[in-house]
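To keep things clear, I will list the structure first and then write my remarks on it.
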Protein chains: 2
Amino acid sequence: MINKIDFRLVKNDRFVIVEFILSENIGPDDLKALVPPNPIKENFAQKGVILSGKGPIWLYGFLIHYYHATQWVATYDPRLGGAVVVESHVTDISAGDIISLD
Amino acid sequence: MINKIDFRLVKNDRFVIVEFILSENIGPDDLKALVPPNPIKENFAQKGVILSGKGPIWLYGFLIHYYHATQWVATYDPRLGGAVVVESHVTDISAGDIISLD
């Protein structure tokens, strides 16, 4: 597991981009030991989270659930040039909104 | 929105396969009016949910969140011939488990 998946954080005052980088193919078993950056320890529990990276849908699914207690979760879509909100607990951001990364 | 996304349910006693079929490309805005099959009305709130279909990651993200109150959620991966659990609220099924569809 070690270093099969690396995470990189880019923070601003509204959200954090959690980018994952796979150094080799991962399998479902790798989810069992995966510890993504912790929103409380890393001080972004009160922000939105944008997930970015090339990987299987189930890795995204795992991360979306992992971060579900943050303000909102979005997934970056390179075709749109932004991130699409998939869940939100705040009133001014809704699923389907696009967070521009320009 | 109407009929851009169709859903098909296949149920057994342990889980429900929620398959989506896109009749045309969808955009993030379509999430705002999307009403997937309701687990309570359709009587599968006490089962697992397997998501299946060809679509953008943010559609999967939306559906994973939508079904997060069921027993567990998995995403079908055709390369694995099964579905990978991404979140679970029951003790005998964990994230990373593969649910065989054979």
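Residues are named by chain letter and number: chains run A, B, ... in the order of the structure tokens, numbers start at 1 in each chain, and ligands are numbered from 1 in the order shown.
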
Those of chain B in DSSP strand (DSSP E), formatted as a ChimeraX atom specification: /B:5-11,15-22,48-52,72-77,82-88,98-100

Could you give me, as CSV, a per-residue list for chain A showing, wherever an atom lies at most 12 Å from an atom of chain B, the closest pair of atoms and their distance in Å to one decimal, using only C-alpha atoms and sorting by chain then residue number from low to high?
```
residue,atom,partner,partner_atom,distance
A:Ile26,CA,B:Gly96,CA,11.0
A:Gly27,CA,B:Gly96,CA,8.2
A:Pro28,CA,B:Gly96,CA,4.5
A:Asp29,CA,B:Gly96,CA,5.1
A:Asp30,CA,B:Gly96,CA,7.0
A:Leu31,CA,B:Gly96,CA,5.1
A:Lys32,CA,B:Gly96,CA,5.8
A:Ala33,CA,B:Gly96,CA,9.3
A:Leu34,CA,B:Gly96,CA,9.9
A:Ile50,CA,B:Trp58,CA,11.1
A:Leu51,CA,B:Trp58,CA,10.2
A:Ser52,CA,B:Ile57,CA,10.6
A:Gly53,CA,B:Ile57,CA,11.1
A:Lys54,CA,B:Ile57,CA,10.7
A:Gly55,CA,B:Ile57,CA,10.2
A:Pro56,CA,B:Asp77,CA,8.4
A:Ile57,CA,B:Ile57,CA,6.5
A:Trp58,CA,B:Thr75,CA,5.9
A:Leu59,CA,B:Val86,CA,7.5
A:Tyr60,CA,B:Gly61,CA,7.5
A:Gly61,CA,B:Val86,CA,5.5
A:Phe62,CA,B:Val86,CA,4.6
A:Leu63,CA,B:Val86,CA,8.3
A:Ile64,CA,B:Gly61,CA,6.7
A:His65,CA,B:Glu87,CA,6.7
A:Tyr66,CA,B:Glu87,CA,8.5
A:Tyr67,CA,B:His65,CA,10.8
A:His68,CA,B:His65,CA,8.1
A:Ala69,CA,B:His65,CA,11.4
A:Trp72,CA,B:His65,CA,11.1
A:Val73,CA,B:Gly61,CA,8.8
A:Ala74,CA,B:Trp58,CA,7.4
A:Thr75,CA,B:Trp58,CA,5.9
A:Tyr76,CA,B:Trp58,CA,8.2
A:Asp77,CA,B:Trp58,CA,8.0
A:Pro78,CA,B:Pro56,CA,11.1
A:Arg79,CA,B:Pro56,CA,10.4
A:Leu80,CA,B:Gly27,CA,9.4
A:Gly82,CA,B:Pro28,CA,10.7
A:Ala83,CA,B:Trp58,CA,8.6
A:Val84,CA,B:Trp58,CA,6.2
A:Val85,CA,B:Trp58,CA,7.5
A:Val86,CA,B:Phe62,CA,4.6
A:Glu87,CA,B:Phe62,CA,6.5
A:Ser88,CA,B:His65,CA,9.8
A:His89,CA,B:His65,CA,11.7
A:Ile93,CA,B:Lys32,CA,11.4
A:Ser94,CA,B:Lys32,CA,7.9
A:Ala95,CA,B:Lys32,CA,6.5
A:Gly96,CA,B:Pro28,CA,4.5
A:Asp97,CA,B:Pro28,CA,6.8
A:Ile98,CA,B:Pro28,CA,7.3
A:Ile99,CA,B:Pro28,CA,10.9
```

Shell of 12 Å around Ile40 of chain A, only C-alpha atoms, local chain residues under 4 positions omitted, as a compact mmCIF listing (two decimals) with N, CA and C atoms, in the first residue's frame:
```
# COMPACT_ATOMS: atom_id res chain seq x y z
N PRO A 36 -6.74 8.78 3.69
CA PRO A 36 -6.59 10.06 2.99
C PRO A 36 -6.36 11.19 4.01
N PHE A 44 -9.45 21.47 7.43
CA PHE A 44 -10.36 21.91 6.38
C PHE A 44 -11.77 21.33 6.52
N ALA A 45 -12.13 20.93 7.75
CA ALA A 45 -13.47 20.36 7.97
C ALA A 45 -14.57 21.38 7.71
N GLN A 46 -14.24 22.67 7.80
CA GLN A 46 -15.24 23.72 7.57
C GLN A 46 -15.15 24.31 6.17
N LYS A 47 -14.53 23.58 5.27
CA LYS A 47 -14.42 24.05 3.89
C LYS A 47 -15.03 23.01 2.95
N TYR A 67 -15.11 12.13 2.79
CA TYR A 67 -15.16 13.58 3.04
C TYR A 67 -16.59 14.10 3.21
N ALA A 69 -18.47 14.66 5.62
CA ALA A 69 -18.78 15.55 6.75
C ALA A 69 -18.23 16.96 6.56
N THR A 70 -17.55 17.20 5.45
CA THR A 70 -17.09 18.57 5.18
C THR A 70 -18.26 19.41 4.64
```

Tell me which protein, DNA and RNA residues are within 12 Å of Val10 of chain A, counting only C-alpha atoms, leaving out same-chain ones fewer than 6 positions away, and put them as a CSV table (one decimal) with N, CA, C and O atoms, in the first residue's frame.
```csv
chain,number,residue,atom,x,y,z
A,16,VAL,N,-10.6,23.1,-0.4
A,16,VAL,CA,-9.3,22.4,-0.5
A,16,VAL,C,-9.4,21.5,-1.7
A,16,VAL,O,-10.4,20.7,-1.9
A,17,ILE,N,-8.4,21.5,-2.6
A,17,ILE,CA,-8.3,20.5,-3.6
A,17,ILE,C,-7.5,19.3,-3.1
A,17,ILE,O,-6.4,19.5,-2.6
A,18,VAL,N,-8.1,18.2,-3.1
A,18,VAL,CA,-7.5,16.9,-2.6
A,18,VAL,C,-7.1,16.1,-3.9
A,18,VAL,O,-8.0,15.5,-4.5
A,19,GLU,N,-5.9,16.2,-4.3
A,19,GLU,CA,-5.5,15.5,-5.6
A,19,GLU,C,-4.8,14.2,-5.2
A,19,GLU,O,-4.0,14.2,-4.3
A,20,PHE,N,-5.2,13.2,-5.9
A,20,PHE,CA,-4.5,11.9,-5.6
A,20,PHE,C,-3.7,11.5,-6.8
A,20,PHE,O,-4.1,11.8,-8.0
A,37,PRO,N,-5.9,12.3,3.5
A,37,PRO,CA,-5.7,13.5,4.4
A,37,PRO,C,-6.9,13.8,5.3
A,37,PRO,O,-8.1,13.9,4.8
A,42,GLU,N,-6.0,18.3,9.2
A,42,GLU,CA,-5.5,19.2,8.2
A,42,GLU,C,-6.2,20.6,8.2
A,42,GLU,O,-6.0,21.4,7.3
A,44,PHE,N,-9.4,21.5,7.4
A,44,PHE,CA,-10.4,21.9,6.4
A,44,PHE,C,-11.8,21.3,6.5
A,44,PHE,O,-12.5,21.3,5.6
A,48,GLY,N,-15.1,23.4,1.7
A,48,GLY,CA,-15.5,22.4,0.7
A,48,GLY,C,-14.3,21.6,0.3
A,48,GLY,O,-13.1,22.0,0.5
A,49,VAL,N,-14.5,20.4,-0.4
A,49,VAL,CA,-13.4,19.5,-0.8
A,49,VAL,C,-13.6,19.3,-2.3
A,49,VAL,O,-14.7,18.9,-2.7
A,50,ILE,N,-12.6,19.5,-3.1
A,50,ILE,CA,-12.6,19.2,-4.5
A,50,ILE,C,-11.7,18.0,-4.7
A,50,ILE,O,-10.5,18.1,-4.4
A,51,LEU,N,-12.2,16.9,-5.2
A,51,LEU,CA,-11.4,15.7,-5.5
A,51,LEU,C,-10.9,15.8,-6.9
A,51,LEU,O,-11.7,16.1,-7.9
A,52,SER,N,-9.7,15.4,-7.1
A,52,SER,CA,-9.1,15.4,-8.5
A,52,SER,C,-8.1,14.3,-8.6
A,52,SER,O,-7.4,13.9,-7.6
A,101,LEU,N,-12.1,26.6,-11.4
A,101,LEU,CA,-10.8,26.6,-10.8
A,101,LEU,C,-9.8,27.5,-11.6
A,101,LEU,O,-8.6,27.4,-11.5
```
